[in-house]
Amino acid sequence: MEAFNVFWIAAVIIVLALDAWLIYSVWRSTKSSGTKIGWTVLILALPIVGAGIWGVSGPRGVVEAPTSNEHSKG
């Protein structure tokens, strides 16, 4: 019975980590704030189903990191 509990604890930790990464990815996208809020609510309300839907039709564009000449100097 102990292995069964460990399995579910590990599964919950994995799902929470996946959801955190998904929400981070959503907020880095180039979509509008309303779209980002909608995806965040969906992922939080339905963690596993929301992740699947996001994987199929979620935002694809990611904001590029800022660059500068000073930063690029090696």
# chains A, B, ... in the order shown; residues from 1 in each chain; ligands from 1

call {"tool": "residues_around", "arguments": {"residues": "segment 46-53 of chain A", "least_positions_apart": "4", "cutoff": "9 Å", "atoms": "only C-alpha atoms", "output": "VMD selection string"}}
result
chain A and resid 15 to 16 18 to 19 22 39 to 42 57 to 58

call {"tool": "atom_distance", "arguments": {"atom1": "atom CA of Ile23 of chain A", "atom2": "atom CA of Ile43 of chain A"}}
result
7.5 Å

call {"tool": "closest_residue", "arguments": {"among": "A:Phe4, A:Ser32, A:Ala10, A:Ser25", "to": "Trp54 of chain A", "atoms": "only C-alpha atoms"}}
result
A:Ser25

call {"tool": "closest_residue", "arguments": {"among": "A:Ile9, A:Val26, A:Ile14, A:Ala3", "to": "Gly55 of chain A", "atoms": "only C-alpha atoms"}}
result
A:Val26

call {"tool": "atom_distance", "arguments": {"atom1": "atom CA of Ala11 of chain A", "atom2": "atom CA of Trp27 of chain A"}}
result
24.5 Å

call {"tool": "atom_distance", "arguments": {"atom1": "atom CA of Ala45 of chain A", "atom2": "atom CA of Ala17 of chain A"}}
result
15.1 Å
